[in-house]
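Structure file structure-v6.txt with compact mmCIF, N, CA and C atoms:
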```txt
# COMPACT_ATOMS: atom_id res chain seq x y z
N MET A 1 42.92 9.99 -71.70
CA MET A 1 43.33 10.28 -70.34
C MET A 1 42.61 11.52 -69.85
N THR A 2 41.94 11.44 -68.74
CA THR A 2 41.21 12.55 -68.17
C THR A 2 42.07 13.25 -67.13
N GLN A 3 42.17 14.56 -67.26
CA GLN A 3 42.94 15.34 -66.31
C GLN A 3 42.04 15.75 -65.15
N GLN A 4 42.52 15.58 -63.94
CA GLN A 4 41.75 15.96 -62.77
C GLN A 4 42.06 17.40 -62.41
N GLY A 5 41.03 18.14 -62.09
CA GLY A 5 41.21 19.55 -61.76
C GLY A 5 41.23 19.78 -60.26
N PHE A 6 41.59 20.99 -59.91
CA PHE A 6 41.62 21.43 -58.51
C PHE A 6 40.41 22.31 -58.24
N ARG A 7 39.69 22.05 -57.18
CA ARG A 7 38.55 22.88 -56.79
C ARG A 7 39.05 24.12 -56.06
N ALA A 8 38.23 25.14 -56.05
CA ALA A 8 38.62 26.45 -55.51
C ALA A 8 39.20 26.40 -54.10
N PRO A 9 38.59 25.70 -53.14
CA PRO A 9 39.18 25.70 -51.79
C PRO A 9 40.60 25.14 -51.75
N HIS A 10 40.85 24.11 -52.54
CA HIS A 10 42.20 23.53 -52.60
C HIS A 10 43.17 24.51 -53.27
N VAL A 11 42.72 25.16 -54.33
CA VAL A 11 43.54 26.16 -55.02
C VAL A 11 43.94 27.28 -54.05
N CYS A 12 42.97 27.75 -53.28
CA CYS A 12 43.25 28.82 -52.31
C CYS A 12 44.33 28.39 -51.32
N SER A 13 44.23 27.15 -50.86
CA SER A 13 45.22 26.61 -49.93
C SER A 13 46.60 26.51 -50.58
N LEU A 14 46.66 26.03 -51.80
CA LEU A 14 47.93 25.88 -52.50
C LEU A 14 48.60 27.22 -52.81
N VAL A 15 47.79 28.20 -53.18
CA VAL A 15 48.31 29.49 -53.62
C VAL A 15 48.52 30.45 -52.44
N GLY A 16 47.74 30.27 -51.37
CA GLY A 16 47.86 31.15 -50.22
C GLY A 16 47.04 32.42 -50.36
N ILE A 17 45.85 32.28 -50.97
CA ILE A 17 44.94 33.41 -51.12
C ILE A 17 43.58 33.01 -50.56
N THR A 18 42.72 34.00 -50.38
CA THR A 18 41.38 33.73 -49.90
C THR A 18 40.47 33.34 -51.06
N TYR A 19 39.36 32.70 -50.72
CA TYR A 19 38.38 32.36 -51.75
C TYR A 19 37.86 33.63 -52.40
N ARG A 20 37.68 34.65 -51.60
CA ARG A 20 37.18 35.92 -52.12
C ARG A 20 38.12 36.49 -53.19
N GLN A 21 39.44 36.40 -52.93
CA GLN A 21 40.43 36.89 -53.91
C GLN A 21 40.37 36.06 -55.18
N LEU A 22 40.31 34.74 -55.04
CA LEU A 22 40.23 33.86 -56.21
C LEU A 22 38.97 34.16 -57.02
N ASP A 23 37.86 34.33 -56.35
CA ASP A 23 36.60 34.64 -57.01
C ASP A 23 36.69 35.97 -57.76
N TYR A 24 37.30 36.96 -57.12
CA TYR A 24 37.45 38.27 -57.76
C TYR A 24 38.29 38.16 -59.02
N TRP A 25 39.41 37.45 -58.94
CA TRP A 25 40.27 37.30 -60.11
C TRP A 25 39.55 36.58 -61.24
N ALA A 26 38.71 35.60 -60.90
CA ALA A 26 37.94 34.88 -61.93
C ALA A 26 36.87 35.79 -62.55
N ARG A 27 36.16 36.55 -61.70
CA ARG A 27 35.10 37.42 -62.21
C ARG A 27 35.64 38.56 -63.06
N THR A 28 36.83 39.07 -62.73
CA THR A 28 37.43 40.15 -63.51
C THR A 28 38.27 39.62 -64.67
N GLU A 29 38.32 38.29 -64.78
CA GLU A 29 39.02 37.58 -65.84
C GLU A 29 40.52 37.84 -65.84
N LEU A 30 41.09 38.13 -64.66
CA LEU A 30 42.54 38.19 -64.55
C LEU A 30 43.09 36.80 -64.86
N ILE A 31 42.46 35.80 -64.28
CA ILE A 31 42.74 34.40 -64.64
C ILE A 31 41.46 33.62 -64.39
N THR A 32 41.10 32.84 -65.37
CA THR A 32 39.88 32.03 -65.27
C THR A 32 40.25 30.55 -65.28
N PRO A 33 39.44 29.73 -64.64
CA PRO A 33 39.75 28.30 -64.62
C PRO A 33 39.66 27.70 -66.02
N SER A 34 40.68 26.98 -66.41
CA SER A 34 40.72 26.46 -67.77
C SER A 34 39.95 25.15 -67.93
N MET A 35 39.64 24.49 -66.81
CA MET A 35 38.97 23.19 -66.93
C MET A 35 37.45 23.30 -66.85
N GLN A 36 36.95 24.15 -65.96
CA GLN A 36 35.50 24.29 -65.83
C GLN A 36 35.17 25.63 -65.18
N GLN A 37 34.37 26.42 -65.87
CA GLN A 37 33.88 27.69 -65.34
C GLN A 37 32.69 27.42 -64.42
N ALA A 38 32.43 28.34 -63.51
CA ALA A 38 31.23 28.27 -62.69
C ALA A 38 30.04 28.69 -63.55
N HIS A 39 28.95 27.98 -63.44
CA HIS A 39 27.74 28.28 -64.20
C HIS A 39 26.56 28.43 -63.25
N GLY A 40 26.58 29.52 -62.48
CA GLY A 40 25.49 29.77 -61.54
C GLY A 40 25.77 29.19 -60.17
N SER A 41 24.84 29.41 -59.30
CA SER A 41 24.97 29.00 -57.90
C SER A 41 25.10 27.48 -57.78
N GLY A 42 26.05 27.06 -56.98
CA GLY A 42 26.22 25.63 -56.73
C GLY A 42 27.19 24.93 -57.65
N SER A 43 27.55 25.55 -58.77
CA SER A 43 28.53 24.92 -59.66
C SER A 43 29.93 25.25 -59.19
N GLN A 44 30.89 24.44 -59.57
CA GLN A 44 32.25 24.62 -59.09
C GLN A 44 33.20 24.90 -60.24
N ARG A 45 34.14 25.77 -59.96
CA ARG A 45 35.23 26.01 -60.91
C ARG A 45 36.26 24.92 -60.72
N LEU A 46 36.87 24.49 -61.82
CA LEU A 46 37.97 23.54 -61.74
C LEU A 46 39.19 24.14 -62.42
N TYR A 47 40.28 24.19 -61.67
CA TYR A 47 41.52 24.77 -62.15
C TYR A 47 42.52 23.66 -62.49
N SER A 48 43.29 23.87 -63.53
CA SER A 48 44.33 22.91 -63.92
C SER A 48 45.60 23.20 -63.12
N PHE A 49 46.57 22.30 -63.21
CA PHE A 49 47.86 22.51 -62.57
C PHE A 49 48.50 23.79 -63.09
N THR A 50 48.42 24.01 -64.39
CA THR A 50 48.97 25.23 -65.00
C THR A 50 48.30 26.48 -64.43
N ASP A 51 46.99 26.42 -64.24
CA ASP A 51 46.27 27.54 -63.63
C ASP A 51 46.83 27.85 -62.24
N VAL A 52 47.08 26.81 -61.46
CA VAL A 52 47.60 26.98 -60.10
C VAL A 52 48.98 27.64 -60.14
N VAL A 53 49.82 27.20 -61.06
CA VAL A 53 51.16 27.81 -61.20
C VAL A 53 51.02 29.29 -61.57
N GLN A 54 50.13 29.59 -62.49
CA GLN A 54 49.91 30.99 -62.90
C GLN A 54 49.38 31.82 -61.73
N LEU A 55 48.47 31.25 -60.95
CA LEU A 55 47.94 31.96 -59.79
C LEU A 55 49.03 32.24 -58.76
N LYS A 56 49.92 31.28 -58.55
CA LYS A 56 51.03 31.49 -57.62
C LYS A 56 51.93 32.63 -58.10
N MET A 57 52.16 32.70 -59.39
CA MET A 57 52.99 33.76 -59.95
C MET A 57 52.29 35.12 -59.82
N ILE A 58 51.01 35.16 -60.10
CA ILE A 58 50.25 36.40 -59.95
C ILE A 58 50.32 36.88 -58.50
N ARG A 59 50.13 35.97 -57.57
CA ARG A 59 50.20 36.34 -56.15
C ARG A 59 51.58 36.91 -55.80
N ARG A 60 52.63 36.27 -56.27
CA ARG A 60 53.99 36.76 -55.99
C ARG A 60 54.21 38.15 -56.58
N LEU A 61 53.73 38.36 -57.79
CA LEU A 61 53.87 39.68 -58.42
C LEU A 61 53.09 40.74 -57.64
N LYS A 62 51.89 40.40 -57.21
CA LYS A 62 51.09 41.35 -56.43
C LYS A 62 51.75 41.63 -55.09
N ASP A 63 52.26 40.59 -54.43
CA ASP A 63 52.94 40.78 -53.14
C ASP A 63 54.18 41.67 -53.29
N ALA A 64 54.82 41.59 -54.44
CA ALA A 64 56.02 42.41 -54.70
C ALA A 64 55.66 43.83 -55.18
N GLY A 65 54.37 44.10 -55.34
CA GLY A 65 53.94 45.42 -55.77
C GLY A 65 54.04 45.67 -57.26
N MET A 66 54.20 44.59 -58.02
CA MET A 66 54.37 44.74 -59.47
C MET A 66 53.05 44.73 -60.23
N LEU A 67 51.97 44.32 -59.57
CA LEU A 67 50.62 44.37 -60.15
C LEU A 67 49.75 45.19 -59.24
N GLY A 68 48.80 45.93 -59.85
CA GLY A 68 47.91 46.80 -59.09
C GLY A 68 46.98 46.15 -58.17
```
As structure tokens, please, write out the structure in this file.
Amino acid sequence: MTQQGFRAPHVCSLVGITYRQLDYWARTELITPSMQQAHGSGSQRLYSFTDVVQLKMIRRLKDAGMLG
């Protein structure tokens, strides 16, 4: 069974963050896509459902001032 991943624009929409924020979190390794990393220009990151849930939690913690 192949699991389908979420591309960055869809993840941003689901989580309520900008692409720039998602990219920053991936580059600083706060959370990285578990299904497929970006490998240079033109490649796409693929996030799992679990990644999306974790991103939503990170956003809530940041909005509440609990993360820097």
* Asked: Which residues in chain A does DSSP call alpha helix (DSSP H)? List them as a VMD selection string.
  -> chain A and resid 8 to 15 19 to 27 49 to 63
Can those selected residues be exported to a file as a compact mmCIF listing (two decimals), keeping the file's coordinate frame so that it contains N, CA and C atoms?
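Written out: result-v4.txt:
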```
# COMPACT_ATOMS: atom_id res chain seq x y z
N ALA A 8 38.23 25.14 -56.05
CA ALA A 8 38.62 26.45 -55.51
C ALA A 8 39.20 26.40 -54.10
N PRO A 9 38.59 25.70 -53.14
CA PRO A 9 39.18 25.70 -51.79
C PRO A 9 40.60 25.14 -51.75
N HIS A 10 40.85 24.11 -52.54
CA HIS A 10 42.20 23.53 -52.60
C HIS A 10 43.17 24.51 -53.27
N VAL A 11 42.72 25.16 -54.33
CA VAL A 11 43.54 26.16 -55.02
C VAL A 11 43.94 27.28 -54.05
N CYS A 12 42.97 27.75 -53.28
CA CYS A 12 43.25 28.82 -52.31
C CYS A 12 44.33 28.39 -51.32
N SER A 13 44.23 27.15 -50.86
CA SER A 13 45.22 26.61 -49.93
C SER A 13 46.60 26.51 -50.58
N LEU A 14 46.66 26.03 -51.80
CA LEU A 14 47.93 25.88 -52.50
C LEU A 14 48.60 27.22 -52.81
N VAL A 15 47.79 28.20 -53.18
CA VAL A 15 48.31 29.49 -53.62
C VAL A 15 48.52 30.45 -52.44
N TYR A 19 39.36 32.70 -50.72
CA TYR A 19 38.38 32.36 -51.75
C TYR A 19 37.86 33.63 -52.40
N ARG A 20 37.68 34.65 -51.60
CA ARG A 20 37.18 35.92 -52.12
C ARG A 20 38.12 36.49 -53.19
N GLN A 21 39.44 36.40 -52.93
CA GLN A 21 40.43 36.89 -53.91
C GLN A 21 40.37 36.06 -55.18
N LEU A 22 40.31 34.74 -55.04
CA LEU A 22 40.23 33.86 -56.21
C LEU A 22 38.97 34.16 -57.02
N ASP A 23 37.86 34.33 -56.35
CA ASP A 23 36.60 34.64 -57.01
C ASP A 23 36.69 35.97 -57.76
N TYR A 24 37.30 36.96 -57.12
CA TYR A 24 37.45 38.27 -57.76
C TYR A 24 38.29 38.16 -59.02
N TRP A 25 39.41 37.45 -58.94
CA TRP A 25 40.27 37.30 -60.11
C TRP A 25 39.55 36.58 -61.24
N ALA A 26 38.71 35.60 -60.90
CA ALA A 26 37.94 34.88 -61.93
C ALA A 26 36.87 35.79 -62.55
N ARG A 27 36.16 36.55 -61.70
CA ARG A 27 35.10 37.42 -62.21
C ARG A 27 35.64 38.56 -63.06
N PHE A 49 46.57 22.30 -63.21
CA PHE A 49 47.86 22.51 -62.57
C PHE A 49 48.50 23.79 -63.09
N THR A 50 48.42 24.01 -64.39
CA THR A 50 48.97 25.23 -65.00
C THR A 50 48.30 26.48 -64.43
N ASP A 51 46.99 26.42 -64.24
CA ASP A 51 46.27 27.54 -63.63
C ASP A 51 46.83 27.85 -62.24
N VAL A 52 47.08 26.81 -61.46
CA VAL A 52 47.60 26.98 -60.10
C VAL A 52 48.98 27.64 -60.14
N VAL A 53 49.82 27.20 -61.06
CA VAL A 53 51.16 27.81 -61.20
C VAL A 53 51.02 29.29 -61.57
N GLN A 54 50.13 29.59 -62.49
CA GLN A 54 49.91 30.99 -62.90
C GLN A 54 49.38 31.82 -61.73
N LEU A 55 48.47 31.25 -60.95
CA LEU A 55 47.94 31.96 -59.79
C LEU A 55 49.03 32.24 -58.76
N LYS A 56 49.92 31.28 -58.55
CA LYS A 56 51.03 31.49 -57.62
C LYS A 56 51.93 32.63 -58.10
N MET A 57 52.16 32.70 -59.39
CA MET A 57 52.99 33.76 -59.95
C MET A 57 52.29 35.12 -59.82
N ILE A 58 51.01 35.16 -60.10
CA ILE A 58 50.25 36.40 -59.95
C ILE A 58 50.32 36.88 -58.50
N ARG A 59 50.13 35.97 -57.57
CA ARG A 59 50.20 36.34 -56.15
C ARG A 59 51.58 36.91 -55.80
N ARG A 60 52.63 36.27 -56.27
CA ARG A 60 53.99 36.76 -55.99
C ARG A 60 54.21 38.15 -56.58
N LEU A 61 53.73 38.36 -57.79
CA LEU A 61 53.87 39.68 -58.42
C LEU A 61 53.09 40.74 -57.64
N LYS A 62 51.89 40.40 -57.21
CA LYS A 62 51.09 41.35 -56.43
C LYS A 62 51.75 41.63 -55.09
N ASP A 63 52.26 40.59 -54.43
CA ASP A 63 52.94 40.78 -53.14
C ASP A 63 54.18 41.67 -53.29
```
* To do: Skip A:Val15 itself and residues of its chain fewer than 5 positions away, then list as a PyMOL selection string all residues within 9 Å of it, counting only C-alpha atoms.
  => chain A and resi 10+52-53+55-57+59
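In this structure, atom N of A:Tyr47 sits 22.5 Å away from atom CA of A:Asp63.
Closest approach to A:Leu30 from the set A:Ile58, A:Arg7, A:Ser13, A:Ser48 is made by A:Ile58, with distances taken over only C-alpha atoms.
Restricting the calculation to only C-alpha atoms, the smallest distance between A:Gly5 and any of A:Ser41, A:Thr32, A:Ile17, A:Phe49 is found for A:Phe49.
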* To do: Would you mind reading off the distance between atom CA of A:Asp51 and atom N of A:Trp25, one decimal, in Å?
  => 12.9 Å
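Atom N of A:Ala64 is found 25.9 Å from atom N of A:Leu46.
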Output as an mmCIF file, in the frame of the given file: stretch 40-60 of chain A, completed with N, CA, C and O atoms.
```cif
data_model
loop_
_atom_site.group_PDB
_atom_site.id
_atom_site.type_symbol
_atom_site.label_atom_id
_atom_site.label_comp_id
_atom_site.auth_asym_id
_atom_site.auth_seq_id
_atom_site.Cartn_x
_atom_site.Cartn_y
_atom_site.Cartn_z
ATOM 1 N N GLY A 40 26.580 29.520 -62.480
ATOM 2 C CA GLY A 40 25.490 29.770 -61.540
ATOM 3 C C GLY A 40 25.770 29.190 -60.170
ATOM 4 O O GLY A 40 26.798 28.564 -59.910
ATOM 5 N N SER A 41 24.840 29.410 -59.300
ATOM 6 C CA SER A 41 24.970 29.000 -57.900
ATOM 7 C C SER A 41 25.100 27.480 -57.780
ATOM 8 O O SER A 41 24.372 26.732 -58.420
ATOM 9 N N GLY A 42 26.050 27.060 -56.980
ATOM 10 C CA GLY A 42 26.220 25.630 -56.730
ATOM 11 C C GLY A 42 27.190 24.930 -57.650
ATOM 12 O O GLY A 42 27.632 23.826 -57.368
ATOM 13 N N SER A 43 27.550 25.550 -58.770
ATOM 14 C CA SER A 43 28.530 24.920 -59.660
ATOM 15 C C SER A 43 29.930 25.250 -59.190
ATOM 16 O O SER A 43 30.148 26.236 -58.487
ATOM 17 N N GLN A 44 30.890 24.440 -59.570
ATOM 18 C CA GLN A 44 32.250 24.620 -59.090
ATOM 19 C C GLN A 44 33.200 24.900 -60.240
ATOM 20 O O GLN A 44 33.085 24.317 -61.305
ATOM 21 N N ARG A 45 34.140 25.770 -59.960
ATOM 22 C CA ARG A 45 35.230 26.010 -60.910
ATOM 23 C C ARG A 45 36.260 24.920 -60.720
ATOM 24 O O ARG A 45 36.531 24.491 -59.608
ATOM 25 N N LEU A 46 36.870 24.490 -61.820
ATOM 26 C CA LEU A 46 37.970 23.540 -61.740
ATOM 27 C C LEU A 46 39.190 24.140 -62.420
ATOM 28 O O LEU A 46 39.130 24.546 -63.580
ATOM 29 N N TYR A 47 40.280 24.190 -61.670
ATOM 30 C CA TYR A 47 41.520 24.770 -62.150
ATOM 31 C C TYR A 47 42.520 23.660 -62.490
ATOM 32 O O TYR A 47 42.600 22.657 -61.793
ATOM 33 N N SER A 48 43.290 23.870 -63.530
ATOM 34 C CA SER A 48 44.330 22.910 -63.920
ATOM 35 C C SER A 48 45.600 23.200 -63.120
ATOM 36 O O SER A 48 45.725 24.250 -62.470
ATOM 37 N N PHE A 49 46.570 22.300 -63.210
ATOM 38 C CA PHE A 49 47.860 22.510 -62.570
ATOM 39 C C PHE A 49 48.500 23.790 -63.090
ATOM 40 O O PHE A 49 49.052 24.588 -62.326
ATOM 41 N N THR A 50 48.420 24.010 -64.390
ATOM 42 C CA THR A 50 48.970 25.230 -65.000
ATOM 43 C C THR A 50 48.300 26.480 -64.430
ATOM 44 O O THR A 50 48.968 27.477 -64.163
ATOM 45 N N ASP A 51 46.990 26.420 -64.240
ATOM 46 C CA ASP A 51 46.270 27.540 -63.630
ATOM 47 C C ASP A 51 46.830 27.850 -62.240
ATOM 48 O O ASP A 51 47.027 29.014 -61.882
ATOM 49 N N VAL A 52 47.080 26.810 -61.460
ATOM 50 C CA VAL A 52 47.600 26.980 -60.100
ATOM 51 C C VAL A 52 48.980 27.640 -60.140
ATOM 52 O O VAL A 52 49.266 28.563 -59.369
ATOM 53 N N VAL A 53 49.820 27.200 -61.060
ATOM 54 C CA VAL A 53 51.160 27.810 -61.200
ATOM 55 C C VAL A 53 51.020 29.290 -61.570
ATOM 56 O O VAL A 53 51.714 30.145 -61.009
ATOM 57 N N GLN A 54 50.130 29.590 -62.490
ATOM 58 C CA GLN A 54 49.910 30.990 -62.900
ATOM 59 C C GLN A 54 49.380 31.820 -61.730
ATOM 60 O O GLN A 54 49.796 32.968 -61.531
ATOM 61 N N LEU A 55 48.470 31.250 -60.950
ATOM 62 C CA LEU A 55 47.940 31.960 -59.790
ATOM 63 C C LEU A 55 49.030 32.240 -58.760
ATOM 64 O O LEU A 55 49.070 33.321 -58.168
ATOM 65 N N LYS A 56 49.920 31.280 -58.550
ATOM 66 C CA LYS A 56 51.030 31.490 -57.620
ATOM 67 C C LYS A 56 51.930 32.630 -58.100
ATOM 68 O O LYS A 56 52.380 33.461 -57.313
ATOM 69 N N MET A 57 52.160 32.700 -59.390
ATOM 70 C CA MET A 57 52.990 33.760 -59.950
ATOM 71 C C MET A 57 52.290 35.120 -59.820
ATOM 72 O O MET A 57 52.929 36.116 -59.459
ATOM 73 N N ILE A 58 51.010 35.160 -60.100
ATOM 74 C CA ILE A 58 50.250 36.400 -59.950
ATOM 75 C C ILE A 58 50.320 36.880 -58.500
ATOM 76 O O ILE A 58 50.544 38.064 -58.229
ATOM 77 N N ARG A 59 50.130 35.970 -57.570
ATOM 78 C CA ARG A 59 50.200 36.340 -56.150
ATOM 79 C C ARG A 59 51.580 36.910 -55.800
ATOM 80 O O ARG A 59 51.689 37.917 -55.119
ATOM 81 N N ARG A 60 52.630 36.270 -56.270
ATOM 82 C CA ARG A 60 53.990 36.760 -55.990
ATOM 83 C C ARG A 60 54.210 38.150 -56.580
ATOM 84 O O ARG A 60 54.815 39.015 -55.938
#
```
